[in-house]
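The next block is final.csv, given as CSV, C-alpha atoms.
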chain,number,residue,atom,x,y,z
A,554,MET,CA,-16.6,-31.0,29.0
A,555,THR,CA,-13.9,-30.0,26.4
A,556,LEU,CA,-12.4,-26.5,26.2
A,557,ILE,CA,-14.4,-26.1,22.9
A,558,ASP,CA,-17.6,-26.9,24.8
A,559,LEU,CA,-16.8,-24.4,27.5
A,560,ALA,CA,-15.9,-21.7,25.0
A,561,LYS,CA,-19.2,-22.2,23.1
A,562,ARG,CA,-21.2,-22.0,26.3
A,563,GLN,CA,-19.4,-18.8,27.4
A,564,LEU,CA,-19.9,-17.4,23.9
A,565,THR,CA,-23.6,-18.0,24.2
A,566,LEU,CA,-23.8,-16.1,27.5
A,567,ARG,CA,-21.8,-13.2,26.1
A,568,THR,CA,-23.4,-12.8,22.7
A,569,HIS,CA,-27.0,-14.1,23.4
A,570,ARG,CA,-26.8,-16.3,20.4
A,571,ILE,CA,-27.0,-20.0,21.0
A,572,HIS,CA,-23.7,-21.7,20.4
A,573,SER,CA,-24.2,-24.4,23.1
A,574,MET,CA,-27.5,-25.6,24.6
A,575,PRO,CA,-26.9,-28.4,27.2
A,576,VAL,CA,-30.5,-29.0,28.2
A,577,VAL,CA,-33.7,-29.6,26.2
A,578,VAL,CA,-37.1,-30.1,27.8
A,579,LEU,CA,-39.5,-32.0,25.5
A,580,MET,CA,-43.2,-32.2,26.2
A,581,PRO,CA,-44.0,-35.2,24.1
A,582,HIS,CA,-47.7,-35.3,25.0
A,583,SER,CA,-50.2,-32.7,26.0
A,584,ARG,CA,-52.6,-34.8,28.0
A,585,CYS,CA,-52.3,-35.9,31.7
A,586,ASN,CA,-53.7,-38.8,33.6
A,587,CYS,CA,-54.1,-36.8,36.8
A,588,ARG,CA,-56.3,-33.9,37.7
A,589,CYS,CA,-54.0,-32.0,40.1
A,590,VAL,CA,-55.3,-29.1,42.1
A,591,MET,CA,-52.3,-26.9,41.3
A,592,CYS,CA,-52.1,-27.6,37.6
A,593,ASP,CA,-54.5,-27.1,34.7
A,594,ILE,CA,-52.8,-29.3,32.1
A,595,TRP,CA,-55.5,-31.9,32.4
A,596,LYS,CA,-58.2,-29.4,31.5
A,597,GLY,CA,-57.0,-29.5,27.9
A,598,ASN,CA,-57.2,-33.3,27.6
A,599,ARG,CA,-59.7,-33.2,24.9
A,600,ASN,CA,-57.2,-31.3,22.7
A,601,ARG,CA,-54.8,-34.2,22.3
A,602,GLN,CA,-51.4,-33.2,20.8
A,603,GLU,CA,-48.1,-34.9,20.7
A,604,LEU,CA,-44.7,-34.6,19.1
A,605,SER,CA,-44.0,-37.3,16.4
A,606,ARG,CA,-40.8,-38.7,15.3
A,607,GLU,CA,-41.3,-36.8,12.0
A,608,ASP,CA,-41.6,-33.5,14.0
A,609,LEU,CA,-38.3,-34.1,15.9
A,610,ALA,CA,-36.2,-35.8,13.3
A,611,PRO,CA,-35.4,-32.7,11.2
A,612,HIS,CA,-33.9,-31.0,14.2
A,613,VAL,CA,-31.7,-33.8,15.6
A,614,GLU,CA,-28.7,-32.5,13.8
A,615,THR,CA,-29.2,-29.1,15.4
A,616,LEU,CA,-29.4,-30.7,18.8
A,617,ARG,CA,-26.1,-32.4,18.0
A,618,LYS,CA,-24.4,-29.2,16.9
A,619,LEU,CA,-25.6,-27.4,20.0
A,620,GLN,CA,-24.1,-30.1,22.1
A,621,VAL,CA,-27.3,-31.1,23.9
A,622,ARG,CA,-26.3,-33.3,26.9
A,623,TRP,CA,-29.6,-33.8,28.8
A,624,VAL,CA,-33.2,-34.2,27.5
A,625,VAL,CA,-36.0,-34.0,30.0
A,626,LEU,CA,-39.3,-35.6,28.9
A,627,SER,CA,-41.9,-33.5,30.6
A,628,GLY,CA,-45.7,-33.1,30.2
A,629,GLY,CA,-48.6,-33.7,30.6
A,630,GLU,CA,-47.7,-37.3,31.1
A,631,ALA,CA,-45.1,-38.4,28.5
A,632,LEU,CA,-46.0,-42.1,28.9
A,633,MET,CA,-49.4,-41.3,27.4
A,634,HIS,CA,-47.6,-40.7,24.0
A,635,SER,CA,-48.7,-43.2,21.3
A,636,ASN,CA,-45.0,-44.3,20.9
A,637,LEU,CA,-42.7,-42.4,23.1
A,638,TRP,CA,-39.8,-44.8,22.4
A,639,THR,CA,-39.5,-43.6,18.7
A,640,LEU,CA,-38.5,-40.2,20.1
A,641,CYS,CA,-36.1,-41.8,22.5
A,642,GLU,CA,-34.6,-43.8,19.7
A,643,LEU,CA,-33.7,-40.5,17.9
A,644,LEU,CA,-32.4,-39.0,21.1
A,645,GLU,CA,-30.2,-42.1,21.8
A,646,GLU,CA,-28.3,-41.3,18.6
A,647,LEU,CA,-27.1,-38.1,20.4
A,648,GLY,CA,-25.8,-39.9,23.4
A,649,VAL,CA,-27.8,-37.7,25.8
A,650,LYS,CA,-29.0,-38.4,29.3
A,651,ILE,CA,-32.8,-38.9,29.2
A,652,THR,CA,-34.9,-38.1,32.2
A,653,LEU,CA,-38.5,-39.0,32.4
A,654,LEU,CA,-40.9,-36.8,34.5
A,655,SER,CA,-43.9,-38.9,35.4
A,656,THR,CA,-47.1,-39.0,37.5
A,657,GLY,CA,-46.1,-42.6,38.1
A,658,LEU,CA,-49.4,-44.1,37.1
A,659,LEU,CA,-48.1,-45.8,34.0
A,660,LEU,CA,-44.7,-46.8,35.1
A,661,GLU,CA,-45.5,-50.4,35.9
A,662,ARG,CA,-47.1,-50.9,32.5
A,663,TRP,CA,-44.1,-49.5,30.6
A,664,VAL,CA,-41.4,-50.6,33.0
A,665,SER,CA,-39.2,-52.5,30.5
A,666,ASP,CA,-39.3,-49.6,27.9
A,667,VAL,CA,-38.6,-47.0,30.6
A,668,VAL,CA,-35.5,-49.0,31.8
A,669,ARG,CA,-34.4,-49.5,28.2
A,670,TRP,CA,-34.6,-45.9,27.0
A,671,CYS,CA,-34.4,-43.7,30.0
A,672,ASP,CA,-31.5,-43.0,32.4
A,673,GLU,CA,-33.7,-41.9,35.3
A,674,VAL,CA,-37.2,-41.1,36.4
A,675,ILE,CA,-38.5,-38.3,38.5
A,676,VAL,CA,-41.9,-38.9,39.9
A,677,SER,CA,-44.4,-36.3,41.2
A,678,LEU,CA,-45.1,-37.0,44.9
A,679,ASP,CA,-47.6,-34.7,46.6
A,680,GLY,CA,-47.9,-36.3,50.0
A,681,SER,CA,-48.5,-39.4,52.1
A,682,ARG,CA,-51.1,-41.7,50.6
A,683,GLU,CA,-54.4,-39.9,51.4
A,684,VAL,CA,-52.9,-36.4,50.8
A,685,HIS,CA,-51.4,-37.4,47.5
A,686,ASP,CA,-54.6,-39.0,46.2
A,687,ALA,CA,-56.7,-36.0,47.2
A,688,ILE,CA,-54.4,-33.6,45.4
A,689,ARG,CA,-54.1,-35.8,42.3
A,690,ARG,CA,-57.8,-36.5,42.4
A,691,ILE,CA,-57.2,-40.1,41.2
A,692,PRO,CA,-58.1,-43.2,43.2
A,693,ARG,CA,-55.0,-45.2,44.3
A,694,ALA,CA,-52.7,-42.7,42.7
A,695,PHE,CA,-50.1,-43.1,45.5
A,696,ASP,CA,-50.3,-46.9,45.4
A,697,GLN,CA,-49.9,-46.9,41.6
A,698,LEU,CA,-46.9,-44.6,41.9
A,699,ALA,CA,-45.3,-46.9,44.6
A,700,ASP,CA,-46.0,-50.0,42.5
A,701,GLY,CA,-44.3,-48.3,39.5
A,702,VAL,CA,-41.2,-47.4,41.5
A,703,ALA,CA,-41.0,-51.0,42.8
A,704,ALA,CA,-41.4,-52.4,39.3
A,705,LEU,CA,-38.5,-50.2,38.0
A,706,GLN,CA,-36.3,-51.3,40.9
A,707,THR,CA,-37.2,-55.0,40.3
A,708,ALA,CA,-36.3,-54.7,36.7
A,709,GLU,CA,-33.0,-52.9,37.4
A,710,SER,CA,-31.9,-52.5,41.0
A,711,THR,CA,-29.6,-49.6,40.2
A,712,PHE,CA,-32.2,-47.6,38.2
A,713,ARG,CA,-32.5,-44.2,39.7
A,714,VAL,CA,-35.9,-42.9,40.7
A,715,THR,CA,-36.2,-39.6,42.5
A,716,GLY,CA,-39.2,-37.5,43.6
A,717,ARG,CA,-40.3,-33.9,43.2
A,718,CYS,CA,-43.0,-32.3,45.4
A,719,VAL,CA,-44.8,-29.0,44.9
A,720,LEU,CA,-45.6,-27.6,48.4
A,721,HIS,CA,-48.8,-25.6,48.6
A,722,ARG,CA,-51.8,-25.0,50.8
A,723,LEU,CA,-53.2,-28.5,50.6
A,724,ASN,CA,-50.0,-30.4,51.6
A,725,PHE,CA,-47.5,-28.1,53.4
A,726,ARG,CA,-48.4,-29.6,56.8
A,727,ASP,CA,-47.7,-33.1,55.4
A,728,LEU,CA,-44.0,-32.2,54.7
A,729,PRO,CA,-42.5,-34.6,57.3
A,730,ASN,CA,-44.8,-37.4,56.0
A,731,ILE,CA,-43.7,-36.7,52.4
A,732,ILE,CA,-40.1,-37.2,53.4
A,733,ASP,CA,-41.1,-40.5,55.2
A,734,ALA,CA,-43.1,-41.6,52.2
A,735,SER,CA,-40.2,-41.0,49.9
A,736,HIS,CA,-38.0,-43.3,52.0
A,737,THR,CA,-40.8,-45.9,52.2
A,738,ILE,CA,-41.4,-46.3,48.5
A,739,GLY,CA,-37.7,-46.3,47.7
A,740,LEU,CA,-36.9,-43.0,46.1
A,741,ALA,CA,-33.3,-42.0,45.9
A,742,SER,CA,-34.1,-38.4,46.9
A,743,ILE,CA,-36.9,-35.9,47.1
A,744,SER,CA,-36.8,-32.2,46.1
A,745,PHE,CA,-39.3,-29.4,46.8
A,746,LEU,CA,-40.6,-26.3,45.1
A,747,ALA,CA,-43.4,-23.8,45.6
A,748,ALA,CA,-46.5,-23.8,43.5
A,749,ASP,CA,-46.6,-21.5,40.4
A,750,ILE,CA,-49.7,-19.3,40.9
A,751,SER,CA,-48.8,-16.3,38.7
A,752,SER,CA,-47.8,-17.4,35.2
A,753,GLU,CA,-49.8,-18.6,32.2
A,754,ALA,CA,-47.8,-21.9,32.0
A,755,PHE,CA,-49.4,-25.3,32.4
A,756,ASN,CA,-52.5,-24.5,30.4
A,757,ARG,CA,-53.5,-21.3,32.1
A,758,PRO,CA,-54.0,-18.7,29.4
A,759,GLY,CA,-54.5,-15.4,31.1
A,760,GLY,CA,-53.3,-16.8,34.4
A,761,TRP,CA,-55.3,-17.5,37.5
A,762,ASP,CA,-57.6,-14.9,39.2
A,763,SER,CA,-57.1,-14.2,42.9
A,764,GLU,CA,-59.7,-16.6,44.0
A,765,ARG,CA,-58.2,-19.5,42.1
A,766,ALA,CA,-54.7,-18.6,43.3
A,767,GLY,CA,-55.9,-18.5,46.8
A,768,GLU,CA,-57.0,-22.1,46.6
A,769,VAL,CA,-53.3,-23.1,46.2
A,770,ALA,CA,-51.2,-20.4,47.8
A,771,LEU,CA,-50.7,-20.2,51.5
A,772,ASN,CA,-52.3,-17.3,53.3
A,773,ALA,CA,-50.3,-15.2,55.8
A,774,GLN,CA,-51.2,-17.3,58.8
A,775,GLU,CA,-50.4,-20.6,57.0
A,776,ALA,CA,-47.1,-19.1,55.8
A,777,ALA,CA,-46.1,-18.4,59.4
A,778,GLU,CA,-47.1,-22.0,60.3
A,779,PHE,CA,-45.1,-23.3,57.4
A,780,GLU,CA,-42.1,-21.4,58.5
A,781,ARG,CA,-42.2,-23.0,61.9
A,782,LEU,CA,-42.7,-26.4,60.4
A,783,VAL,CA,-39.7,-26.0,58.0
A,784,GLU,CA,-37.5,-25.1,60.9
A,785,THR,CA,-38.6,-28.2,62.7
A,786,VAL,CA,-37.9,-30.3,59.7
A,787,ILE,CA,-34.4,-28.7,59.3
A,788,ALA,CA,-33.6,-29.5,62.9
A,789,GLU,CA,-35.0,-33.1,62.9
A,790,ARG,CA,-34.0,-34.3,59.4
A,791,ALA,CA,-30.3,-33.2,59.5
A,792,ALA,CA,-29.2,-36.6,58.2
A,793,ASP,CA,-31.5,-36.3,55.2
A,794,PHE,CA,-30.1,-32.9,54.3
A,795,ALA,CA,-26.5,-34.1,54.9
A,796,SER,CA,-26.9,-37.2,52.7
A,797,GLY,CA,-28.6,-35.2,49.9
A,798,PHE,CA,-31.8,-37.3,50.3
A,799,ILE,CA,-33.5,-33.9,50.6
A,800,VAL,CA,-32.0,-32.2,47.6
A,801,GLU,CA,-32.5,-28.6,48.8
A,802,SER,CA,-30.3,-27.2,51.4
A,803,PRO,CA,-32.0,-25.8,54.5
A,804,ASP,CA,-31.7,-22.3,53.0
A,805,LYS,CA,-33.3,-23.3,49.8
A,806,LEU,CA,-36.2,-24.9,51.7
A,807,ARG,CA,-36.5,-21.6,53.5
A,808,ARG,CA,-36.8,-19.9,50.1
A,809,ILE,CA,-40.1,-21.6,49.6
A,810,VAL,CA,-41.4,-20.1,52.8
A,811,ARG,CA,-40.2,-16.7,51.8
A,812,TYR,CA,-42.0,-17.0,48.4
A,813,TYR,CA,-45.3,-17.5,50.1
A,814,GLN,CA,-44.6,-14.8,52.7
A,815,ALA,CA,-43.8,-12.4,49.9
A,816,LEU,CA,-47.2,-12.9,48.3
A,817,HIS,CA,-48.6,-11.2,51.4
A,818,GLY,CA,-45.9,-8.6,51.8
A,819,THR,CA,-44.3,-10.0,54.9
A,820,ALA,CA,-41.0,-10.8,53.1
A,821,GLU,CA,-39.1,-10.0,49.9
A,822,LEU,CA,-39.3,-12.4,47.0
A,823,PRO,CA,-36.2,-14.5,47.0
A,824,LYS,CA,-33.5,-13.4,44.5
A,825,THR,CA,-33.8,-15.2,41.2
A,826,VAL,CA,-30.6,-16.7,39.8
A,827,CYS,CA,-31.3,-18.4,36.5
A,828,ASN,CA,-29.8,-18.8,33.0
A,829,ALA,CA,-32.3,-21.2,31.5
A,830,PRO,CA,-32.9,-19.1,28.3
A,831,TRP,CA,-29.2,-19.3,27.5
A,832,VAL,CA,-28.6,-23.0,28.3
A,833,SER,CA,-31.9,-24.7,27.5
A,834,THR,CA,-35.1,-24.6,25.6
A,835,VAL,CA,-38.6,-26.1,26.0
A,836,ILE,CA,-40.4,-27.7,23.0
A,837,GLU,CA,-44.1,-28.3,23.6
A,838,ALA,CA,-46.4,-31.1,22.3
A,839,ASP,CA,-47.6,-28.8,19.4
A,840,GLY,CA,-44.1,-27.9,18.4
A,841,THR,CA,-44.0,-24.5,20.2
A,842,VAL,CA,-40.5,-23.5,21.3
A,843,ARG,CA,-40.1,-21.4,24.5
A,844,PRO,CA,-37.0,-20.2,26.3
A,845,CYS,CA,-38.4,-21.7,29.4
A,846,PHE,CA,-41.9,-22.9,30.7
A,847,PHE,CA,-43.0,-19.4,31.6
A,848,HIS,CA,-41.9,-16.9,28.9
A,849,GLN,CA,-43.6,-16.3,25.5
A,850,ALA,CA,-43.1,-18.6,22.5
A,851,LEU,CA,-40.2,-18.0,20.1
A,852,GLY,CA,-41.6,-20.1,17.2
A,853,ASN,CA,-42.6,-23.6,16.2
A,854,ILE,CA,-40.5,-26.5,14.9
A,855,ARG,CA,-43.3,-27.5,12.6
A,856,ASP,CA,-42.9,-24.2,10.8
A,857,GLN,CA,-39.2,-23.5,10.8
A,858,PRO,CA,-35.9,-25.0,11.8
A,859,LEU,CA,-35.0,-25.0,15.4
A,860,ALA,CA,-31.7,-23.3,14.8
A,861,GLU,CA,-33.5,-20.4,13.2
A,862,ILE,CA,-36.0,-20.1,16.0
A,863,LEU,CA,-33.4,-20.0,18.7
A,864,ASP,CA,-31.3,-17.4,17.0
A,865,SER,CA,-34.1,-15.3,15.4
A,866,PRO,CA,-33.8,-11.6,15.9
A,867,ALA,CA,-36.6,-11.7,18.4
A,868,ALA,CA,-35.0,-14.5,20.4
A,869,VAL,CA,-31.6,-12.8,20.6
A,870,ARG,CA,-33.3,-9.5,21.6
A,871,PHE,CA,-35.3,-11.3,24.3
A,872,ARG,CA,-32.1,-12.8,25.8
A,873,SER,CA,-30.1,-9.6,25.5
A,874,GLU,CA,-32.8,-7.6,27.2
A,875,LEU,CA,-33.8,-10.1,29.9
A,876,ASP,CA,-32.8,-9.1,33.5
A,877,VAL,CA,-33.9,-12.1,35.6
A,878,GLU,CA,-33.5,-10.2,38.8
A,879,GLN,CA,-36.0,-7.6,37.6
A,880,ASP,CA,-38.3,-9.3,35.1
A,881,PRO,CA,-41.7,-9.8,36.7
A,882,ILE,CA,-42.1,-13.3,35.4
A,883,CYS,CA,-38.6,-14.3,36.5
A,884,ARG,CA,-39.0,-12.6,39.9
A,885,ARG,CA,-42.0,-14.9,40.8
A,886,CYS,CA,-40.6,-18.0,39.2
A,887,VAL,CA,-40.6,-21.2,41.3
A,888,CYS,CA,-38.6,-23.4,38.9
A,889,THR,CA,-35.3,-21.9,38.0
A,890,LEU,CA,-32.2,-23.4,36.2
A,891,ASN,CA,-28.7,-22.1,36.8
A,892,LEU,CA,-26.1,-24.1,34.9
A,893,GLY,CA,-22.6,-22.9,35.5
A,894,PRO,CA,-20.0,-22.7,32.7
A,895,LEU,CA,-18.1,-25.7,34.2
A,896,GLU,CA,-21.0,-28.0,34.8
A,897,SER,CA,-21.1,-30.9,32.4
A,898,LEU,CA,-24.3,-32.7,33.4
Written as structure tokens, how would this file's structure read?
Amino acid sequence: MTLIDLAKRQLTLRTHRIHSMPVVVLMPHSRCNCRCVMCDIWKGNRNRQELSREDLAPHVETLRKLQVRWVVLSGGEALMHSNLWTLCELLEELGVKITLLSTGLLLERWVSDVVRWCDEVIVSLDGSREVHDAIRRIPRAFDQLADGVAALQTAESTFRVTGRCVLHRLNFRDLPNIIDASHTIGLASISFLAADISSEAFNRPGGWDSERAGEVALNAQEAAEFERLVETVIAERAADFASGFIVESPDKLRRIVRYYQALHGTAELPKTVCNAPWVSTVIEADGTVRPCFFHQALGNIRDQPLAEILDSPAAVRFRSELDVEQDPICRRCVCTLNLGPLESL
């Protein structure tokens, strides 16, 4: 990072106008090929939407000026896009790091293109074979994921594939097996987060009612059981924490326990430390621009330039008034980003 880059990032944090934006999350395709218990994206599969090259091309120069360094292809399942690689071709011009988030079901089919255009893949892993398949509600989902990881590593032995796991009521007891499975299928690391049960993100307009949330969140007794299990994992998997194979520190893993305990009033919600609205943006498959997955839309790139959306009066006001330690959406957030001024990605 140059001194100019650093100065621009600091200016953004001070003025709430975007002078530097290191991270962009693109949701190229709205559909998903899984039917996960803790996510409702798949319920909108009939309403197919995707970002086209024509949608993105007018905004590439803005991404360049804002010094974007990292583009995350999220979803839905990005590999369901009719031609994802035309978007990657545009992004390659910027010299950015491209990370693909994937269910893993289509990796083997697109292995050569993934290796050609992406710098790394993060797969969603929900458990050992039977648990993963039950949560994904797709036959052989685990095996297809494992085959996809193997295909990537065969194509390029140094290609980095990591895992991310949402821990919730249906898989928290499988935590030790999830770590074992991550080793077995050859992931470079595994990270964990709690399930979002309170926001409207992931195709949940109006949010979940208490009954639906209760299908995913741990109850008070399960949260106590989870706390004991986490302490056992911390004690028995010291090498995995020390090596970074488990990305979270022991204290960060304990935060997931506290999150579920807080839902029942037996603990305080963990303190939120996040600057996502100042260092990143999310662009959805229909062109909607958000400061993060969870907050309200700022505009649409099909209607106006990205630069105008990011620095509109409403967007600047949102950032200037946002207190992440007190905002109710931020307080219950399970997926934070905190990029320090010296971090270069």
Legend entry - Selected residue of minimal separation from Gly680 in chain A among A:Ile743, A:Ile836, A:Val577, A:Val887, counting all atoms listed in the file: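 Once distances to Gly680 in chain A are computed over all atoms listed in the file, the minimum belongs to A:Ile743.
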Closest atom pairs, residues of range 660-736 of chain A within 10 Å of range 591-596 of chain A, only C-alpha atoms, as a tab-separated table:
residue	atom	partner	partner_atom	distance
A:Ile688	CA	A:Met591	CA	8.1
A:Arg689	CA	A:Met591	CA	9.1
A:Val719	CA	A:Met591	CA	8.6
A:Leu720	CA	A:Met591	CA	9.8
A:His721	CA	A:Met591	CA	8.2
A:Arg722	CA	A:Met591	CA	9.7
A:Leu723	CA	A:Met591	CA	9.5
Legend entry - Atomic separation - CA of Met633 in chain A relative to CA of Ala610 in chain A, Å: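 A separation of 20.1 Å between them.
Between CA of Ala850 in chain A and CA of Glu878 in chain A lies a distance of 20.7 Å.
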Inset, instruction - Find the spatial neighbours of Gly739 in chain A, counting all atoms listed in the file, within a cut-off of 12 Å - ignore same-chain residues fewer than 3 positions away - and output them as JSON, numbers by chain. - result: {"A": [676, 698, 699, 700, 701, 702, 703, 704, 705, 706, 707, 710, 711, 712, 713, 714, 715, 716, 732, 733, 734, 735, 736, 742, 743, 798]}
Legend entry - Interatomic distance, CA of Asp749 in chain A to CA of Cys827 in chain A (Å, one decimal): 16.1 Å
Inset, instruction - Find the residues around Arg757 in chain A up to 10 Å (all atoms listed in the file counted), leave out those fewer than 2 positions away in its own chain, and share them as a ChimeraX atom specification. - result: /A:592-594,596-597,750-755,759-761
Legend entry - Of the listed residues A:Ser635, A:Ser802, A:Asn724, A:Thr565, that which approaches Val590 in chain A most closely, counting all atoms listed in the file: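 Looking at the shortest contact to Val590 in chain A, the residue is A:Asn724.
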Legend entry - Distance query Ala694 in chain A at most 8 Å, all atoms listed in the file, self and fewer than 5 positions along chain excluded, as a PyMOL selection string: chain A and resi 658+685-686+689
Inset, instruction - Write out as a ChimeraX atom specification each polymer residue whose atoms come within 7 Å of range 611-615 of chain A, counting all atoms listed in the file; drop sequence neighbours fewer than 3 positions from it. - result: /A:608,618-619,858-860
Legend entry - Ref. answer, residues at most 6 Å from (-31.0, -27.1, 26.9) with all atoms listed in the file, as a list in words: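 The answer, in the requested form, is Met574, Pro575, Val576, Val577, Val832, Ser833 and Thr834 of chain A.
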Inset, instruction - Identify, on the basis of all atoms listed in the file, every residue whose closest approach to Thr568 in chain A does not exceed 12 Å; exclude the query and any residue fewer than 5 positions from it along the same chain; express the result as a PyMOL selection string. - result: chain A and resi 560-563+573+831+864+868-870+872-874
Legend entry - Residue list as a ChimeraX atom specification for point (-40.4, -17.3, 31.6), cut-off 8 Å, only C-alpha atoms: /A:844-849,882-883,886
Inset, instruction - Kindly indicate which residue among A:Ala820, A:Arg726, A:Arg617, A:Asp804 lies nearest to Glu645 in chain A, using only C-alpha atoms for the distances. - result: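 Residue with the minimum atom-to-atom distance to Glu645 in chain A: A:Arg617.
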Inset, instruction - Have a look at A:Ile731, A:Ala770, A:Leu660, A:Ala838 and name the one nearest to His582 in chain A; count all atoms listed in the file. - result: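 Checking each candidate against His582 in chain A, we get A:Ala838 as the closest.
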Legend entry - Nearest-residue call for Pro830 in chain A, choices A:Glu780, A:Glu789, A:Glu683, A:Asp876, using only C-alpha atoms: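 Closest residue, counting only C-alpha atoms: A:Asp876.
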Legend entry - Closest of A:Cys585, A:Ala791, A:Val786, A:Ala829 to Glu630 in chain A - atom-to-atom distances counting only C-alpha atoms: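 Nearest candidate to Glu630 in chain A out of A:Cys585, A:Ala791, A:Val786, A:Ala829: A:Cys585.
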Saved range 810-826 of chain A from the preceding structure, C-alpha atoms, as a tab-separated table (two decimals), in the first residue's frame:
chain	number	residue	atom	x	y	z
A	810	VAL	CA	-21.32	-19.26	21.85
A	811	ARG	CA	-22.01	-15.86	23.40
A	812	TYR	CA	-24.12	-14.84	20.41
A	813	TYR	CA	-26.47	-17.77	20.93
A	814	GLN	CA	-26.46	-17.28	24.70
A	815	ALA	CA	-27.37	-13.62	24.23
A	816	LEU	CA	-30.47	-14.59	22.27
A	817	HIS	CA	-31.77	-16.09	25.53
A	818	GLY	CA	-30.51	-13.37	27.85
A	819	THR	CA	-27.79	-15.44	29.49
A	820	ALA	CA	-24.96	-13.34	28.03
A	821	GLU	CA	-24.34	-9.98	26.41
A	822	LEU	CA	-24.07	-9.79	22.64
A	823	PRO	CA	-20.39	-9.69	21.67
A	824	LYS	CA	-19.13	-6.21	20.87
A	825	THR	CA	-19.27	-5.45	17.15
A	826	VAL	CA	-16.12	-4.10	15.54
